[in-house]
>>> print(open('work-v8.cif').read())   # mmCIF, C-alpha atoms
data_entry
#
loop_
_atom_site.label_atom_id
_atom_site.label_comp_id
_atom_site.auth_asym_id
_atom_site.auth_seq_id
_atom_site.Cartn_x
_atom_site.Cartn_y
_atom_site.Cartn_z
CA MET D 782 -93.43 29.11 9.90
CA ASN D 783 -92.64 29.49 13.58
CA SER D 784 -90.86 26.75 15.51
CA ASN D 785 -94.09 25.04 16.60
CA GLN D 786 -95.39 24.99 13.03
CA GLN D 787 -92.08 23.65 11.77
CA GLN D 788 -92.24 20.77 14.23
CA LEU D 789 -95.80 19.97 13.20
CA TRP D 790 -94.88 20.14 9.53
CA GLN D 791 -91.98 17.75 10.03
CA ARG D 792 -94.32 15.37 11.82
CA LEU D 793 -96.75 15.54 8.91
CA GLU D 794 -93.95 15.00 6.39
CA GLY D 795 -92.73 11.97 8.33
CA PHE D 796 -96.21 10.47 8.45
CA VAL D 797 -96.85 11.06 4.74
CA ALA D 798 -93.44 9.59 3.88
CA LYS D 799 -94.33 6.37 5.72
CA ILE D 800 -97.66 6.14 3.90
CA LYS D 801 -95.93 6.69 0.55
CA GLN D 802 -93.38 4.02 1.38
CA ARG D 803 -96.12 1.54 2.18
CA HIS D 804 -97.93 2.58 -1.00
CA GLY D 805 -94.79 1.86 -3.02
CA GLU D 806 -94.51 -1.57 -1.45
CA LEU D 807 -98.15 -2.30 -2.27
CA MET D 808 -97.55 -1.18 -5.86
CA GLN D 809 -94.71 -3.66 -6.25
CA GLU D 810 -96.75 -6.45 -4.67
CA ALA D 811 -99.72 -5.56 -6.86
CA GLU D 812 -97.79 -5.66 -10.11
CA ALA D 813 -96.03 -8.93 -9.29
CA GLY D 814 -99.26 -10.58 -8.16
CA CYS D 815 -101.32 -9.36 -11.11
CA ARG D 816 -98.72 -10.39 -13.66
CA GLN D 817 -98.67 -13.89 -12.19
CA VAL D 818 -102.47 -14.00 -12.41
CA MET D 819 -102.15 -13.00 -16.08
CA VAL D 820 -99.72 -15.88 -16.71
CA ASP D 821 -101.94 -18.37 -14.90
CA ASN D 822 -105.13 -17.23 -16.69
CA PRO D 823 -104.13 -16.20 -20.22
CA THR D 824 -107.63 -16.40 -21.72
CA ASP D 825 -109.89 -15.56 -18.77
CA PRO D 826 -109.89 -11.89 -17.64
CA ILE D 827 -112.08 -12.51 -14.59
CA PRO D 828 -109.24 -13.54 -12.20
CA LEU D 829 -107.29 -10.40 -13.08
CA GLY D 830 -110.38 -8.29 -12.49
CA ASN D 831 -110.88 -9.95 -9.11
CA ALA D 832 -107.24 -9.37 -8.18
CA VAL D 833 -107.44 -5.70 -9.16
CA SER D 834 -110.62 -5.25 -7.09
CA ALA D 835 -108.92 -6.79 -4.06
CA ILE D 836 -105.95 -4.46 -4.48
CA ASP D 837 -108.32 -1.50 -4.86
CA ARG D 838 -109.62 -2.28 -1.38
CA ARG D 839 -106.10 -2.40 0.07
CA PHE D 840 -105.25 0.99 -1.41
CA ASP D 841 -108.55 2.37 -0.14
CA GLN D 842 -107.70 1.16 3.36
CA LEU D 843 -104.34 2.93 3.15
CA ARG D 844 -106.04 6.13 1.97
CA ARG D 845 -108.55 5.96 4.83
CA LYS D 846 -105.71 5.49 7.30
CA MET D 847 -104.09 8.64 5.93
CA ASP D 848 -107.36 10.60 6.11
CA ASP D 849 -108.22 9.36 9.60
CA THR D 850 -104.77 10.06 11.01
CA TRP D 851 -104.81 13.58 9.59
CA SER D 852 -108.33 14.40 10.79
CA ASP D 853 -108.13 12.63 14.17
CA GLN D 854 -104.53 13.22 15.27
CA ILE D 855 -102.89 16.02 13.31
CA MET D 856 -105.38 18.55 11.98
CA ASP D 857 -106.44 19.92 15.38
CA MET D 858 -102.81 20.66 16.20
CA PHE D 859 -102.52 22.55 12.91
CA VAL D 860 -105.63 24.53 13.83
CA ASP D 861 -104.17 25.40 17.23
CA ALA D 862 -100.92 26.48 15.58
CA GLU D 863 -102.66 28.76 13.08
CA THR D 864 -101.44 32.33 13.38
CA GLY D 865 -101.96 35.72 11.75
CA SER D 866 -103.69 35.66 8.40
CA GLY D 867 -103.87 31.88 8.47
CA GLY D 868 -103.09 29.40 5.75
CA PHE D 869 -101.21 26.84 7.84
CA VAL D 870 -104.16 24.45 8.06
CA ASP D 871 -104.88 24.84 4.36
CA ARG D 872 -101.24 24.04 3.56
CA GLY D 873 -101.53 20.87 5.60
CA ILE D 874 -104.78 19.89 3.91
CA ASP D 875 -103.24 20.51 0.49
CA TYR D 876 -100.11 18.54 1.34
CA VAL D 877 -102.15 15.50 2.37
CA ARG D 878 -104.46 15.82 -0.62
CA ASP D 879 -101.54 16.10 -3.05
CA ALA D 880 -99.95 13.00 -1.57
CA GLU D 881 -103.24 11.11 -1.87
CA HIS D 882 -103.74 12.22 -5.43
CA ASP D 883 -100.20 11.24 -6.44
CA MET D 884 -100.73 7.77 -5.00
CA GLU D 885 -104.16 7.44 -6.60
CA CYS D 886 -102.73 8.40 -9.99
CA ALA D 887 -99.82 6.00 -9.66
CA TRP D 888 -102.15 3.08 -8.97
CA ALA D 889 -104.59 4.15 -11.69
CA ARG D 890 -101.78 4.21 -14.25
CA LEU D 891 -100.46 0.82 -13.18
CA LYS D 892 -103.91 -0.75 -13.03
CA ILE D 893 -104.77 0.44 -16.52
CA LYS D 894 -101.40 -0.70 -17.89
CA LEU D 895 -101.83 -4.16 -16.36
CA GLN D 896 -105.26 -4.54 -17.90
CA ALA D 897 -104.06 -3.29 -21.30
CA ASP D 898 -101.05 -5.61 -21.14
CA TYR D 899 -103.39 -8.51 -20.45
CA TYR D 900 -105.23 -7.88 -23.71
CA ARG D 901 -101.99 -7.31 -25.61
CA ASN D 902 -100.91 -10.77 -24.46
CA LEU D 903 -104.31 -12.21 -25.33
CA TRP D 904 -104.33 -10.91 -28.91
CA PRO D 905 -101.95 -13.55 -30.44
CA ILE D 906 -104.04 -16.29 -28.83
CA ALA D 907 -107.21 -14.76 -30.24
CA VAL D 908 -105.66 -14.54 -33.70
CA GLU D 909 -104.84 -18.25 -33.66
CA GLU D 910 -108.34 -19.11 -32.51
CA MET D 911 -109.86 -17.10 -35.35
CA LYS D 912 -107.81 -19.17 -37.80
CA LYS D 913 -109.35 -22.44 -36.62
CA PRO D 914 -111.74 -23.97 -39.17
CA VAL D 915 -115.46 -24.02 -38.47
CA SER D 916 -117.55 -26.92 -39.75
CA CYS D 917 -121.23 -27.32 -40.47
CA THR D 918 -122.97 -29.09 -37.61
CA ASN D 919 -125.04 -31.06 -40.12
CA CYS D 920 -122.71 -32.22 -42.89
CA GLY D 921 -119.27 -31.24 -41.65
CA MET D 922 -118.39 -28.96 -44.58
CA GLU D 923 -116.06 -26.11 -43.67
CA LEU D 924 -117.84 -22.79 -43.27
CA GLN D 925 -116.59 -19.30 -44.02
CA PRO D 926 -118.07 -16.93 -41.40
CA PRO D 927 -117.93 -13.26 -42.46
CA VAL D 928 -116.45 -12.33 -39.06
CA ARG D 929 -114.94 -14.38 -36.26
CA HIS D 930 -115.26 -12.03 -33.31
CA GLN D 931 -119.07 -11.93 -33.25
CA SER D 932 -121.83 -14.52 -33.20
CA VAL D 933 -123.15 -14.92 -36.75
CA ASN D 934 -125.57 -17.14 -38.62
CA VAL D 935 -124.00 -19.00 -41.54
CA THR D 936 -125.86 -21.11 -44.09
CA CYS D 937 -123.89 -24.16 -45.15
CA PRO D 938 -123.17 -24.04 -48.91
CA GLY D 939 -123.29 -27.83 -49.04
CA CYS D 940 -126.53 -28.75 -47.26
CA ASN D 941 -128.17 -25.37 -46.62
CA ALA D 942 -128.25 -26.05 -42.89
CA ALA D 943 -128.36 -22.98 -40.64
CA ASN D 944 -125.36 -22.74 -38.34
CA GLN D 945 -124.78 -20.27 -35.55
CA VAL D 946 -121.06 -19.62 -35.22
CA PHE D 947 -119.80 -18.28 -31.90
CA PRO D 948 -116.38 -16.72 -31.25
CA HIS D 949 -113.88 -18.84 -29.35
CA LYS D 950 -113.19 -17.98 -25.72
CA ALA D 951 -110.02 -15.92 -26.26
CA VAL D 952 -111.64 -14.02 -29.14
CA TYR D 953 -114.75 -13.32 -27.09
CA SER D 954 -112.66 -12.17 -24.12
CA TYR D 955 -110.44 -9.95 -26.25
CA TYR D 956 -113.20 -8.09 -28.04
CA GLY D 957 -115.27 -7.92 -24.87
CA GLY D 958 -112.58 -6.16 -22.83
CA ALA D 959 -109.83 -4.75 -25.04
CA PRO D 960 -111.78 -1.72 -26.35
CA HIS D 961 -112.34 -0.45 -22.82
CA ALA D 962 -108.84 -1.30 -21.60
CA PHE D 963 -107.08 0.40 -24.49
CA GLY D 964 -109.51 3.31 -24.38
CA GLU D 965 -108.65 3.95 -20.74
CA GLU D 966 -104.95 3.61 -21.50
CA ALA D 967 -105.17 6.17 -24.30
CA ALA D 968 -106.99 8.69 -22.11
CA ILE D 969 -105.49 8.22 -18.63
CA GLU D 970 -103.13 11.19 -18.79
CA GLN D 971 -106.01 13.45 -19.81
CA ARG D 972 -107.96 12.21 -16.79
CA VAL D 973 -105.01 12.92 -14.49
CA MET D 974 -104.67 16.41 -15.96
CA ILE D 975 -108.38 17.09 -15.41
CA GLU D 976 -108.22 15.96 -11.79
CA LYS D 977 -105.14 18.08 -11.03
CA TRP D 978 -106.74 21.08 -12.64
CA ARG D 979 -109.95 20.63 -10.66
CA ILE D 980 -107.95 20.49 -7.43
CA GLN D 981 -106.29 23.78 -8.35
CA VAL D 982 -109.62 25.38 -9.28
CA ASP D 983 -110.95 24.60 -5.81
CA ARG D 984 -107.83 26.00 -4.17
CA ASP D 985 -108.07 29.21 -6.14
CA ARG D 986 -111.72 29.60 -5.15
CA ARG D 987 -110.89 28.85 -1.52
CA ALA D 988 -108.28 31.61 -1.55
CA GLN D 989 -111.02 34.04 -2.66
CA ASP D 990 -113.58 32.88 -0.07
CA TRP D 991 -115.34 30.49 -2.47
CA PRO D 992 -116.88 32.62 -5.22
CA ASP D 993 -118.97 30.92 -7.89
CA GLU D 994 -116.85 29.21 -10.48
CA SER D 995 -116.64 31.29 -13.64
CA ILE D 996 -118.40 30.31 -16.86
CA GLN D 997 -115.00 30.24 -18.58
CA SER D 998 -113.72 27.73 -16.04
CA LEU D 999 -116.81 25.54 -16.39
CA ASP D 1000 -116.50 25.67 -20.17
CA LYS D 1001 -112.86 24.65 -19.93
CA TRP D 1002 -113.87 21.70 -17.74
CA LEU D 1003 -116.43 20.65 -20.34
CA GLU D 1004 -113.87 20.82 -23.16
CA MET D 1005 -111.34 18.85 -21.15
CA GLU D 1006 -113.92 16.15 -20.50
CA ARG D 1007 -114.85 16.14 -24.17
CA GLU D 1008 -111.19 15.60 -25.06
CA TYR D 1009 -111.00 12.71 -22.60
CA TRP D 1010 -113.92 10.97 -24.26
CA ASN D 1011 -112.54 11.74 -27.71
CA LEU D 1012 -109.30 9.98 -26.82
CA TYR D 1013 -111.15 7.08 -25.21
CA GLY D 1014 -113.75 6.81 -27.98
CA GLN D 1015 -111.26 6.92 -30.84
CA MET D 1016 -109.25 4.05 -29.40
CA LYS D 1017 -112.37 2.08 -28.50
CA ALA D 1018 -113.70 2.45 -32.04
CA ARG D 1019 -110.53 0.94 -33.54
CA LEU D 1020 -111.24 -2.34 -31.78
CA SER D 1021 -115.02 -2.53 -31.84
CA SER D 1022 -115.81 -2.08 -35.56
CA GLU D 1023 -117.84 1.07 -34.86
CA THR D 1024 -118.82 3.37 -37.67
CA PRO D 1025 -117.78 7.04 -37.35
CA GLU D 1026 -121.41 7.83 -36.55
CA GLN D 1027 -121.49 5.25 -33.76
CA GLN D 1028 -118.20 6.52 -32.39
CA GLN D 1029 -119.47 10.09 -32.29
CA ALA D 1030 -122.75 9.01 -30.73
CA PHE D 1031 -120.82 7.25 -27.96
CA ILE D 1032 -118.67 10.33 -27.29
CA ASP D 1033 -121.70 12.63 -27.32
CA SER D 1034 -123.52 10.37 -24.86
CA ARG D 1035 -120.66 10.49 -22.38
CA VAL D 1036 -120.32 14.27 -22.69
CA LYS D 1037 -124.07 14.64 -22.22
CA GLN D 1038 -123.87 12.52 -19.09
CA PHE D 1039 -121.10 14.75 -17.75
CA VAL D 1040 -123.17 17.88 -18.42
CA GLU D 1041 -126.21 16.41 -16.69
CA ILE D 1042 -124.21 15.49 -13.58
CA HIS D 1043 -121.87 18.46 -13.22
CA LEU D 1044 -123.26 21.45 -15.14
CA ALA D 1045 -126.99 21.16 -15.75
CA ASN D 1046 -127.89 22.21 -12.19
CA ASN D 1047 -125.58 25.23 -12.22
CA GLN D 1048 -128.01 28.11 -12.78
CA GLN D 1049 -125.29 30.58 -13.72
CA TRP D 1050 -124.01 28.25 -16.44
CA ARG D 1051 -127.53 27.50 -17.66
CA ARG D 1052 -128.34 31.19 -18.01
CA ALA D 1053 -125.08 31.81 -19.87
CA LYS D 1054 -125.98 29.03 -22.31
CA GLY D 1055 -129.58 30.16 -22.73
CA LEU D 1056 -131.01 27.03 -21.10
#
>>> encode(input="work-v8.cif", output="structure tokens")
Amino acid sequence: MNSNQQQLWQRLEGFVAKIKQRHGELMQEAEAGCRQVMVDNPTDPIPLGNAVSAIDRRFDQLRRKMDDTWSDQIMDMFVDAETGSGGFVDRGIDYVRDAEHDMECAWARLKIKLQADYYRNLWPIAVEEMKKPVSCTNCGMELQPPVRHQSVNVTCPGCNAANQVFPHKAVYSYYGGAPHAFGEEAAIEQRVMIEKWRIQVDRDRRAQDWPDESIQSLDKWLEMEREYWNLYGQMKARLSSETPEQQQAFIDSRVKQFVEIHLANNQQWRRAKGL
């Protein structure tokens, strides 16, 4: 880099460093605030979900500030400083994108951990609720429901009255949210790996003047997505009483959705697959 480029790069580094510092502060505030919400609402996941959504918006505002500052105040100076074979602007774009992605991944990991921790804390409460006796609404005899985490109809052995037994609040909340939370936790690193790889794929194509992505690369993307849903689906199935067939059907449905969105309209890929 020449002296002008070095000065611009230092300016960009200083700006990104300030954004990262603010992001770190928001992360600390987010964790402290969410954990207090978890303490205050041990059996109701809605307040935590609301808190996470509010924090999502704050992080999105920080990301937009980074994007706007780069595009409105810095990028044109990088364009003017471009020399020779180029690459200075692309380096700046990549530097900003990498910083954004690192911050996005950090918040995604923390958000998923907070939600999983919520359900880990909820589990002992749910266990105690499932131990509570259930009585017939007609004669008061104790019933023995076959399961306690789902609504079931139970006929009283004493009076033959039909009883509908519902799960208690903590049980309902746990089984309603834990499969997804733990599924995301099990698969988050695979998602991060996919996103980083996709960023690199685009950069490699950019360096070659944007050729079509190869069939091998698209197939690798598909297999990486399949692995993500395998990790997610296996964990989800442990908590949702799914049969192996149901688990596989869930995974296949998510992979099919991915293909329809990202691959089905790629004519080169379709021809290669005989579609």
>>> resolve_selection(input="work-v8.cif", expression="the PyMOL selection byres ((chain D and resi 952-959) around 9)", output="PyMOL selection string")
chain D and resi 824-826+896-897+899-901+903-904+906-908+910-911+929-931+947-951+960-964+1017+1020-1021
>>> write_last_selection(input="work-v8.cif", atoms="C-alpha atoms", output="compact mmCIF listing (two decimals), in the coordinates of the input")
# COMPACT_ATOMS: atom_id res chain seq x y z
CA THR D 824 -107.63 -16.40 -21.72
CA ASP D 825 -109.89 -15.56 -18.77
CA PRO D 826 -109.89 -11.89 -17.64
CA GLN D 896 -105.26 -4.54 -17.90
CA ALA D 897 -104.06 -3.29 -21.30
CA TYR D 899 -103.39 -8.51 -20.45
CA TYR D 900 -105.23 -7.88 -23.71
CA ARG D 901 -101.99 -7.31 -25.61
CA LEU D 903 -104.31 -12.21 -25.33
CA TRP D 904 -104.33 -10.91 -28.91
CA ILE D 906 -104.04 -16.29 -28.83
CA ALA D 907 -107.21 -14.76 -30.24
CA VAL D 908 -105.66 -14.54 -33.70
CA GLU D 910 -108.34 -19.11 -32.51
CA MET D 911 -109.86 -17.10 -35.35
CA ARG D 929 -114.94 -14.38 -36.26
CA HIS D 930 -115.26 -12.03 -33.31
CA GLN D 931 -119.07 -11.93 -33.25
CA PHE D 947 -119.80 -18.28 -31.90
CA PRO D 948 -116.38 -16.72 -31.25
CA HIS D 949 -113.88 -18.84 -29.35
CA LYS D 950 -113.19 -17.98 -25.72
CA ALA D 951 -110.02 -15.92 -26.26
CA PRO D 960 -111.78 -1.72 -26.35
CA HIS D 961 -112.34 -0.45 -22.82
CA ALA D 962 -108.84 -1.30 -21.60
CA PHE D 963 -107.08 0.40 -24.49
CA GLY D 964 -109.51 3.31 -24.38
CA LYS D 1017 -112.37 2.08 -28.50
CA LEU D 1020 -111.24 -2.34 -31.78
CA SER D 1021 -115.02 -2.53 -31.84
>>> residues_around(input="work-v8.cif", residues="range 1026-1028 of chain D", least_positions_apart="6", cutoff="8 Å", atoms="all atoms listed in the file", output="PyMOL selection string")
chain D and resi 1014-1015+1018
>>> atom_distance(input="work-v8.cif", atom1="CA of Gln1048 in chain D", atom2="CA of Val982 in chain D")
18.9 Å
>>> closest_residue(input="work-v8.cif", among="D:Arg890, D:Lys977, D:Arg792, D:His882", to="Met808 in chain D", atoms="only C-alpha atoms")
D:Arg890
>>> residues_around(input="work-v8.cif", residues="Arg972 in chain D", least_positions_apart="4", cutoff="9 Å", atoms="only C-alpha atoms", output="PyMOL selection string")
chain D and resi 968+976-977+1005-1006+1009
>>> resolve_selection(input="work-v8.cif", expression="the PyMOL selection byres ((chain D and resi 1035) around 12)", output="PyMOL selection string")
chain D and resi 1003+1006-1011+1013-1014+1028-1034+1036-1042
>>> axis_aligned_box(input="work-v8.cif", around="range 827-840 of chain D", padding_each_side="8 Å", output="AutoDock Vina command-line options")
--center_x -108.7 --center_y -6.3 --center_z -7.3 --size_x 22.8 --size_y 30.5 --size_z 30.7
>>> atom_distance(input="work-v8.cif", atom1="CA of Arg844 in chain D", atom2="CA of Glu885 in chain D")
8.9 Å
>>> closest_residue(input="work-v8.cif", among="D:Glu881, D:Glu806, D:Asp898, D:Glu794", to="Arg845 in chain D", atoms="all atoms listed in the file")
D:Glu881
>>> closest_atom_pairs(input="work-v8.cif", of="range 890-979 of chain D", to="range 984-1000 of chain D", cutoff="12 Å", atoms="all atoms listed in the file", output="JSON lines")
{"residue": "D:Ile975", "atom": "CA", "partner": "D:Ser998", "partner_atom": "CA", "distance": 11.9}
{"residue": "D:Lys977", "atom": "CA", "partner": "D:Arg984", "partner_atom": "CA", "distance": 10.8}
{"residue": "D:Trp978", "atom": "CA", "partner": "D:Arg984", "partner_atom": "CA", "distance": 9.9}
{"residue": "D:Arg979", "atom": "CA", "partner": "D:Arg984", "partner_atom": "CA", "distance": 8.7}
>>> closest_residue(input="work-v8.cif", among="D:Trp888, D:Asn944, D:Pro1025, D:Met858", to="Val915 in chain D", atoms="all atoms listed in the file")
D:Asn944
>>> residues_near_point(input="work-v8.cif", point="(-105.4, -16.0, -9.7)", cutoff="12 Å", atoms="all atoms listed in the file", output="PyMOL selection string")
chain D and resi 813-823+825-833+835
>>> write_last_selection(input="work-v8.cif", atoms="C-alpha atoms", output="mmCIF file, keeping the file's coordinate frame")
data_model
loop_
_atom_site.group_PDB
_atom_site.id
_atom_site.type_symbol
_atom_site.label_atom_id
_atom_site.label_comp_id
_atom_site.auth_asym_id
_atom_site.auth_seq_id
_atom_site.Cartn_x
_atom_site.Cartn_y
_atom_site.Cartn_z
ATOM 1 C CA ALA D 813 -96.030 -8.930 -9.290
ATOM 2 C CA GLY D 814 -99.260 -10.580 -8.160
ATOM 3 C CA CYS D 815 -101.320 -9.360 -11.110
ATOM 4 C CA ARG D 816 -98.720 -10.390 -13.660
ATOM 5 C CA GLN D 817 -98.670 -13.890 -12.190
ATOM 6 C CA VAL D 818 -102.470 -14.000 -12.410
ATOM 7 C CA MET D 819 -102.150 -13.000 -16.080
ATOM 8 C CA VAL D 820 -99.720 -15.880 -16.710
ATOM 9 C CA ASP D 821 -101.940 -18.370 -14.900
ATOM 10 C CA ASN D 822 -105.130 -17.230 -16.690
ATOM 11 C CA PRO D 823 -104.130 -16.200 -20.220
ATOM 12 C CA ASP D 825 -109.890 -15.560 -18.770
ATOM 13 C CA PRO D 826 -109.890 -11.890 -17.640
ATOM 14 C CA ILE D 827 -112.080 -12.510 -14.590
ATOM 15 C CA PRO D 828 -109.240 -13.540 -12.200
ATOM 16 C CA LEU D 829 -107.290 -10.400 -13.080
ATOM 17 C CA GLY D 830 -110.380 -8.290 -12.490
ATOM 18 C CA ASN D 831 -110.880 -9.950 -9.110
ATOM 19 C CA ALA D 832 -107.240 -9.370 -8.180
ATOM 20 C CA VAL D 833 -107.440 -5.700 -9.160
ATOM 21 C CA ALA D 835 -108.920 -6.790 -4.060
#
>>> closest_residue(input="work-v8.cif", among="D:Ala1053, D:Asn783, D:Asp849, D:Leu793", to="Gly865 in chain D", atoms="only C-alpha atoms")
D:Asn783
>>> closest_residue(input="work-v8.cif", among="D:Asp853, D:Leu924, D:Phe796, D:Glu812", to="Ile893 in chain D", atoms="all atoms listed in the file")
D:Glu812
